[in-house]
4 protein chains.
Amino acid sequence: MQNIAILGASGYTGAELIRILLQHPQAKIRVLSGESQAGKAMHEVYPHLAFAGLPALVPTQGIDYSGINTVFCCLPHGTTQDVIAALPAHVRIIDLSADFRLFNVDTYATWYGHAHKAPDLQKSAVYGLTEHAREAIKKARLVANPGCYPTSAQLPLVPLLKAGLIAQDNIIIDAKSGITGAGRAAKQGSLFAEVNDGISAYGIGAHRHAPEIEQGLTNAAGKDVLVNFTPHLMPMNRGILSTIYVSLTKGKTVADLTACLNTAYANEPFAKVAPAGINPTTHMVRGTNLCVMSVFKDRLEGRAIIVSVIDNLVKGASGQAVQNFNVMYGYPETTALEQVALFP
Amino acid sequence: MQNIAILGASGYTGAELIRILLQHPQAKIRVLSGESQAGKAMHEVYPHLAFAGLPALVPTQGIDYSGINTVFCCLPHGTTQDVIAALPAHVRIIDLSADFRLFNVDTYATWYGHAHKAPDLQKSAVYGLTEHAREAIKKARLVANPGCYPTSAQLPLVPLLKAGLIAQDNIIIDAKSGITGAGRAAKQGSLFAEVNDGISAYGIGAHRHAPEIEQGLTNAAGKDVLVNFTPHLMPMNRGILSTIYVSLTKGKTVADLTACLNTAYANEPFAKVAPAGINPTTHMVRGTNLCVMSVFKDRLEGRAIIVSVIDNLVKGASGQAVQNFNVMYGYPETTALEQVALFP
Amino acid sequence: MQNIAILGASGYTGAELIRILLQHPQAKIRVLSGESQAGKAMHEVYPHLAFAGLPALVPTQGIDYSGINTVFCCLPHGTTQDVIAALPAHVRIIDLSADFRLFNVDTYATWYGHAHKAPDLQKSAVYGLTEHAREAIKKARLVANPGCYPTSAQLPLVPLLKAGLIAQDNIIIDAKSGITGAGRAAKQGSLFAEVNDGISAYGIGAHRHAPEIEQGLTNAAGKDVLVNFTPHLMPMNRGILSTIYVSLTKGKTVADLTACLNTAYANEPFAKVAPAGINPTTHMVRGTNLCVMSVFKDRLEGRAIIVSVIDNLVKGASGQAVQNFNVMYGYPETTALEQVALFP
Amino acid sequence: MQNIAILGASGYTGAELIRILLQHPQAKIRVLSGESQAGKAMHEVYPHLAFAGLPALVPTQGIDYSGINTVFCCLPHGTTQDVIAALPAHVRIIDLSADFRLFNVDTYATWYGHAHKAPDLQKSAVYGLTEHAREAIKKARLVANPGCYPTSAQLPLVPLLKAGLIAQDNIIIDAKSGITGAGRAAKQGSLFAEVNDGISAYGIGAHRHAPEIEQGLTNAAGKDVLVNFTPHLMPMNRGILSTIYVSLTKGKTVADLTACLNTAYANEPFAKVAPAGINPTTHMVRGTNLCVMSVFKDRLEGRAIIVSVIDNLVKGASGQAVQNFNVMYGYPETTALEQVALFP
């Protein structure tokens, strides 16, 4: 049995962690923290958690970690490095922020606008794209949980680049995300009437998830990868659909790509190639830890189109965090993650 | 271990039963039937069930029931009486249609437009509003699972009428429902563009759930109850919110009503009075078997307002069906029904 | 040609006024004010107005009114009385806030939590429910534009109460509103993910529009009217649907009510009784200044159900404001208001 | 004054034509036809048109064209060629189907699955992308109104290809469309609960609008253009956002592209380059005939990203049809098309 503290539990990823961990027989939620909401009962912050018997929110400062062995950190980007650096040595940490995802602290500084505050700790952090880092995760003290867009992009692309099936210099990722990716902060751009019944691109050519994606793809390809990545915001609570345009290595076919992914993920519980004839949709993964992907023939010679879907709050955040928790402690990897998609 | 057949598995309540039963350690789905979809793999009908290892759909005619002991029947209203009457004696049945909900076959004929086809079987059917019929459900061969609107209305009103706290002749139920209540049939009125960003009332003064509600309330009150019931259709996948306007019995107060419901449901896992200060919302119950209710003071003397919420596909259909299944077989009543609401 | 200033133009009612007035051949928008947004071009605040050739936003303080003859005031409740009291005598004013709607300044103080700041001006204000106050509006300097919920409720109820067809002591108004009614302020409760795919009641038994409704109905009935009014918030940009439960005066029928409304509104361009067989829906009025209503027979003896729909931003705010502007200046009342509903 | 017949008036493009033409001082709607709905009053088919004083629907067969001079044809693809071929010589026609859009009848046969039924008439048809075909439209008897996706893609790409600023062999169009593009037919895939809160790609590499886009781009480039075109379906009533990935001609920059579009559309009322700093969103164009576009710098050398938005029912269908009508008859091109976007 692990005793859990969730820091930053009043955000959407915090609430989602609670939802999942309440199903976990080896996890006991002991501490929930939240800054502006400290002192409130959880049902005042999230009415849907009213009947779950949770502790009230406390300030992150002053938590007694003596009875805690695992910390899930859901604090905002930029505030997390200091907090985690100050945690006692006996706790293992899964960080859902971006603060430890980029191995290169200079890249971090470039994209996040300030120097990394815990560069030594960064060296020991493991990037937790579970399917591709299990051995390291098992032994990690600090897991940097991947971003939502990077998860949806890397899961199909990593095996294809490793196998040399696609060109590394012509990858275009057009991603469509639900609004929870923007968090629960009260921003005009996230208001219902501003989002409903419309769509917009944002961060065009300049989104912080681009270097995170490139880091993973560069590792897979063994040479530098730069991608075009264009995120879009649409009226949907949960979900990311990434449409990925790639060039085939000479002589390779869509069938080769599909075979590669089938092999890579044959025994994976959460990374899945869609059955033939089924277009992956975000509806297939809502509330689940699945990534479903498929490769399609382009009309143009030498190209293919990949569609990949996840629930941004689950496989893109809290679900993958629990998957990593399971790997870290040797529990069956699907524990607490076996729900079927909530559709419709 | 129970071996399950789901008849009419291609509709929304069928898919929802599958979602829930896949979490049930004592239920094994053996047979799925569907008329127009017979012969298809389940993922062709519901892509989100692609990875669940389900049997393909077969025609309802010709099912071999020798290895089946429980039938969940999700067939359309009006077609079910004949099918259930023909089932072998060894199976126990939970029927999600309206075909066995009205004890009075004349009332049935009036509202459903044809004579009841299995009046003898009707006599042995148990109306499965679980919290108020456990003893009968335990012994029942045939459980008539309540309708969605009737569940949301009866759970708060039955205890209040039994206790004589509200007038039985002045009950107004204004209900707002998600669109899945209309089923998966391709109807113009259910199209996205016809439902999105709008609301309408329907069946005003003439909805078939009115007599079902009145049957339950009459039993509770010990005298005839007629209600005003006005359903509305709104852009929401799942959920019913019923706003119920009642007159207090002379000398009674809102506090009396709240106390009555607190007592009635003190030990219930799924019928819940909202914490003070929390307005019940459908978000609190999405994907769960909960009914959450609360009583509010009206500005007008001698009146109160009750708000009650359920997920129409869970407590309003398939979840209550599994709850009844658990009662019938003596399993813990919450088995397979312990998910926390999917919010947001 | 009237020269217009819109105060508080950065809110939704301000933007909607602009949308409508841009179609008006006798209105010229000269000044747009906004506090936090002052100094910005309008397209920075509302990209959809990018190509309309509008002036930039200025602070409300310091506007030169010498070239202005009409002020539309879209400032928040509570801040408006001072601003309007300070306007020069030559401008005529249409105020979209609640600050001048309640004739009784004590009622105002009770519901809005502070003493009325311009009680003398209040005496000359005309409550602008256009269909029922044309003669007064023609001569008014200051029109208090009605609230959205009160408009949807009063238009069907005023003629029925005047005619003595319904009881004045048993009126229940269950209203469902789109989210723009909550304004453009960045509030957690208005976020997409908090509103989407759900519904909640709010202000139960305590909403500030109740006394406004009662004021109008009391005038119509000639005796004190108290109503039950329960608003609900739902995932919809625009629209209010009010379902109103009434008791018929002895001997009166639904046909009498329909006939009364048909007569009252026979020549009205914006108050309409729905054709027989058509349920009023918010889709019928989106983007228009229409109020569509219909009376339905209840199953219960002696009762009726009225459904009334408006677009809360048009007939419930900016459209009625322009309708009043047309009346004040003697323009054809439908000028700039003849758009057909945007459906789907 | 033109006397109008709308064939196929019961679909969404028919209703949208009515909405627009009711604002047109030189258009009088004389005949509305609809097959399955013939005999009904328009308000029975579209309640929002209840108060517009429209004629009832009649069968298309048997219309007396003697008093008609303009026909808008909104019939389904494949059924239109015969109908239009049979029209009397004195009427001018704007066809909103795909039946006359492809100049090459072999291409038509390949993509639409049957031989063209009016190849001679095809020769005289003018492809009505208004901004690029005004002179031909003025003299045309038969205008083939462009498809929705092709309009959103061609308006930004045609000037850029004409100017030689982008490569013609590496154009990727990732388009996101509202559901009205699928029409009003009752299809399971268009149901609210199937579309809401999700997104999917469809017709991947095989959509019929690809050859239509390529035809226009090939004309502009002066050499064969093949494009990648991937449409997506999302929960939105109206709107298309196309994200277009292009390679710059050597030495050219994003500023060159923006300048080219600014020049091309400097005097256009409906084709607009967004102001600097504004991302085009579908909200900017809802209910309007605008196409708003913008060019963005890609992180990758030598590439650019173009975002283009339209309302699929207006500039993508009925609005452009009325724009063409205005051109054909010499009316000011903006007549009946000057509404500001309905936002929110």
# chains A, B, ... in the order shown; residues from 1 in each chain; ligands from 1

call {"tool": "interface_residues", "arguments": {"of": "chain C", "to": "chain D", "cutoff": "6 Å", "atoms": "only C-alpha atoms", "output": "list in words"}}
result
Arg19, His48, Met284 and Val340 of chain C

call {"tool": "write_last_selection", "arguments": {"atoms": "all heavy atoms", "output": "PDB file, in the first residue's frame"}}
result
ATOM      1  N   ARG C  19     -23.373  44.838 -33.328  1.00  0.00           N
ATOM      2  CA  ARG C  19     -23.833  43.992 -34.431  1.00  0.00           C
ATOM      3  C   ARG C  19     -25.144  44.510 -35.015  1.00  0.00           C
ATOM      4  O   ARG C  19     -25.315  44.573 -36.247  1.00  0.00           O
ATOM      5  CB  ARG C  19     -24.015  42.549 -33.937  1.00  0.00           C
ATOM      6  CG  ARG C  19     -24.473  41.581 -35.009  1.00  0.00           C
ATOM      7  CD  ARG C  19     -24.656  40.161 -34.494  1.00  0.00           C
ATOM      8  NE  ARG C  19     -25.855  39.960 -33.730  1.00  0.00           N
ATOM      9  CZ  ARG C  19     -27.066  39.676 -34.241  1.00  0.00           C
ATOM     10  NH1 ARG C  19     -27.214  39.556 -35.554  1.00  0.00           N
ATOM     11  NH2 ARG C  19     -28.120  39.514 -33.475  1.00  0.00           N
ATOM     12  N   HIS C  48     -14.370  39.288 -34.317  1.00  0.00           N
ATOM     13  CA  HIS C  48     -15.405  39.219 -35.361  1.00  0.00           C
ATOM     14  C   HIS C  48     -15.861  40.606 -35.803  1.00  0.00           C
ATOM     15  O   HIS C  48     -16.591  40.731 -36.781  1.00  0.00           O
ATOM     16  CB  HIS C  48     -16.601  38.395 -34.877  1.00  0.00           C
ATOM     17  CG  HIS C  48     -17.469  39.082 -33.871  1.00  0.00           C
ATOM     18  ND1 HIS C  48     -17.075  39.319 -32.564  1.00  0.00           N
ATOM     19  CD2 HIS C  48     -18.719  39.595 -33.967  1.00  0.00           C
ATOM     20  CE1 HIS C  48     -18.038  39.929 -31.912  1.00  0.00           C
ATOM     21  NE2 HIS C  48     -19.044  40.103 -32.734  1.00  0.00           N
ATOM     22  N   MET C 284     -35.550  28.842 -32.803  1.00  0.00           N
ATOM     23  CA  MET C 284     -36.413  29.690 -33.635  1.00  0.00           C
ATOM     24  C   MET C 284     -36.058  31.163 -33.516  1.00  0.00           C
ATOM     25  O   MET C 284     -36.501  31.970 -34.343  1.00  0.00           O
ATOM     26  CB  MET C 284     -37.882  29.512 -33.225  1.00  0.00           C
ATOM     27  CG  MET C 284     -38.446  28.150 -33.530  1.00  0.00           C
ATOM     28  SD  MET C 284     -40.154  27.983 -32.930  1.00  0.00           S
ATOM     29  CE  MET C 284     -41.028  29.025 -34.117  1.00  0.00           C
ATOM     30  N   VAL C 340     -33.567  37.026 -40.004  1.00  0.00           N
ATOM     31  CA  VAL C 340     -34.171  35.729 -39.709  1.00  0.00           C
ATOM     32  C   VAL C 340     -33.215  34.974 -38.780  1.00  0.00           C
ATOM     33  O   VAL C 340     -32.015  35.206 -38.772  1.00  0.00           O
ATOM     34  CB  VAL C 340     -34.386  34.950 -41.031  1.00  0.00           C
ATOM     35  CG1 VAL C 340     -34.941  33.564 -40.767  1.00  0.00           C
ATOM     36  CG2 VAL C 340     -35.314  35.743 -41.955  1.00  0.00           C
TER      37      VAL C 340
END

call {"tool": "atom_distance", "arguments": {"atom1": "CA of Val225 (chain C)", "atom2": "CA of Gly205 (chain B)"}}
result
25.4 Å

call {"tool": "residues_around", "arguments": {"residues": "Asn3 (chain D)", "least_positions_apart": "3", "cutoff": "12 Å", "atoms": "only C-alpha atoms", "output": "list in words"}}
result
Ile6, Leu21, His24, Pro25, Gln26, Ala27, Lys28, Ile29, Arg30, Val31, Leu32, Tyr65, Ser66, Gly67, Ile68, Asn69, Thr70, Val71, Phe72, Val91, Arg92 and Phe325 of chain D

call {"tool": "residues_around", "arguments": {"residues": "Gln320 (chain C)", "least_positions_apart": "4", "cutoff": "12 Å", "atoms": "only C-alpha atoms", "output": "count of residues only"}}
result
45

call {"tool": "closest_residue", "arguments": {"among": "C:Arg303, C:Arg101, C:His232, C:His132", "to": "Thr249 (chain C)", "atoms": "only C-alpha atoms"}}
result
C:Arg303

call {"tool": "atom_distance", "arguments": {"atom1": "CA of Ala125 (chain B)", "atom2": "CA of Pro76 (chain B)"}}
result
17.8 Å

call {"tool": "decode", "arguments": {"residues": "region 36-64 of chain A", "atoms": "N, CA and C atoms", "output": "CSV table (one decimal), in the first residue's frame"}}
result
chain,number,residue,atom,x,y,z
A,36,SER,N,-4.8,28.4,-3.5
A,36,SER,CA,-5.9,29.3,-3.3
A,36,SER,C,-7.0,28.6,-2.6
A,37,GLN,N,-7.1,27.3,-2.8
A,37,GLN,CA,-8.3,26.6,-2.2
A,37,GLN,C,-8.0,25.9,-0.9
A,38,ALA,N,-6.8,26.1,-0.4
A,38,ALA,CA,-6.5,25.4,0.9
A,38,ALA,C,-7.5,25.7,2.0
A,39,GLY,N,-7.8,24.7,2.7
A,39,GLY,CA,-8.8,24.9,3.8
A,39,GLY,C,-10.2,24.4,3.4
A,40,LYS,N,-10.4,24.3,2.1
A,40,LYS,CA,-11.8,23.8,1.6
A,40,LYS,C,-11.9,22.3,1.6
A,41,ALA,N,-13.1,21.9,1.9
A,41,ALA,CA,-13.4,20.5,1.6
A,41,ALA,C,-13.3,20.2,0.1
A,42,MET,N,-13.0,19.0,-0.3
A,42,MET,CA,-12.8,18.7,-1.7
A,42,MET,C,-14.1,18.9,-2.5
A,43,HIS,N,-15.3,18.7,-1.8
A,43,HIS,CA,-16.5,18.8,-2.6
A,43,HIS,C,-16.9,20.3,-2.8
A,44,GLU,N,-16.2,21.2,-2.1
A,44,GLU,CA,-16.5,22.6,-2.4
A,44,GLU,C,-15.7,23.0,-3.7
A,45,VAL,N,-14.7,22.3,-4.0
A,45,VAL,CA,-13.9,22.6,-5.2
A,45,VAL,C,-14.4,21.7,-6.3
A,46,TYR,N,-14.7,20.5,-6.1
A,46,TYR,CA,-15.2,19.5,-7.1
A,46,TYR,C,-16.4,18.8,-6.5
A,47,PRO,N,-17.6,19.3,-6.8
A,47,PRO,CA,-18.8,18.6,-6.2
A,47,PRO,C,-18.9,17.2,-6.6
A,48,HIS,N,-18.3,16.8,-7.7
A,48,HIS,CA,-18.5,15.4,-8.1
A,48,HIS,C,-17.7,14.5,-7.3
A,49,LEU,N,-16.8,15.0,-6.4
A,49,LEU,CA,-16.0,14.2,-5.5
A,49,LEU,C,-16.6,14.2,-4.1
A,50,ALA,N,-17.9,14.6,-4.0
A,50,ALA,CA,-18.5,14.9,-2.7
A,50,ALA,C,-18.6,13.6,-1.8
A,51,PHE,N,-18.7,12.4,-2.5
A,51,PHE,CA,-19.0,11.2,-1.7
A,51,PHE,C,-17.9,10.3,-1.7
A,52,ALA,N,-16.6,10.8,-1.9
A,52,ALA,CA,-15.5,9.9,-2.0
A,52,ALA,C,-14.7,9.9,-0.7
A,53,GLY,N,-15.1,10.6,0.3
A,53,GLY,CA,-14.4,10.5,1.6
A,53,GLY,C,-12.9,11.0,1.6
A,54,LEU,N,-12.7,12.1,0.9
A,54,LEU,CA,-11.4,12.6,0.7
A,54,LEU,C,-11.0,13.6,1.8
A,55,PRO,N,-9.7,13.7,2.1
A,55,PRO,CA,-9.2,14.7,3.0
A,55,PRO,C,-9.4,16.1,2.4
A,56,ALA,N,-9.5,17.1,3.3
A,56,ALA,CA,-9.6,18.5,2.8
A,56,ALA,C,-8.3,19.0,2.2
A,57,LEU,N,-8.4,20.1,1.5
A,57,LEU,CA,-7.2,20.7,0.8
A,57,LEU,C,-6.3,21.4,1.9
A,58,VAL,N,-5.0,21.2,1.8
A,58,VAL,CA,-4.1,21.9,2.7
A,58,VAL,C,-3.1,22.7,1.9
A,59,PRO,N,-2.4,23.7,2.5
A,59,PRO,CA,-1.4,24.3,1.7
A,59,PRO,C,-0.2,23.4,1.4
A,60,THR,N,0.4,23.6,0.3
A,60,THR,CA,1.6,22.7,-0.1
A,60,THR,C,2.7,23.0,0.9
A,61,GLN,N,2.9,24.2,1.3
A,61,GLN,CA,3.9,24.5,2.3
A,61,GLN,C,3.4,23.9,3.6
A,62,GLY,N,4.3,23.1,4.3
A,62,GLY,CA,4.0,22.6,5.6
A,62,GLY,C,3.5,21.2,5.6
A,63,ILE,N,3.4,20.6,4.5
A,63,ILE,CA,2.9,19.2,4.5
A,63,ILE,C,4.0,18.3,5.2
A,64,ASP,N,3.4,17.4,6.0
A,64,ASP,CA,4.3,16.5,6.8
A,64,ASP,C,4.4,15.2,5.9
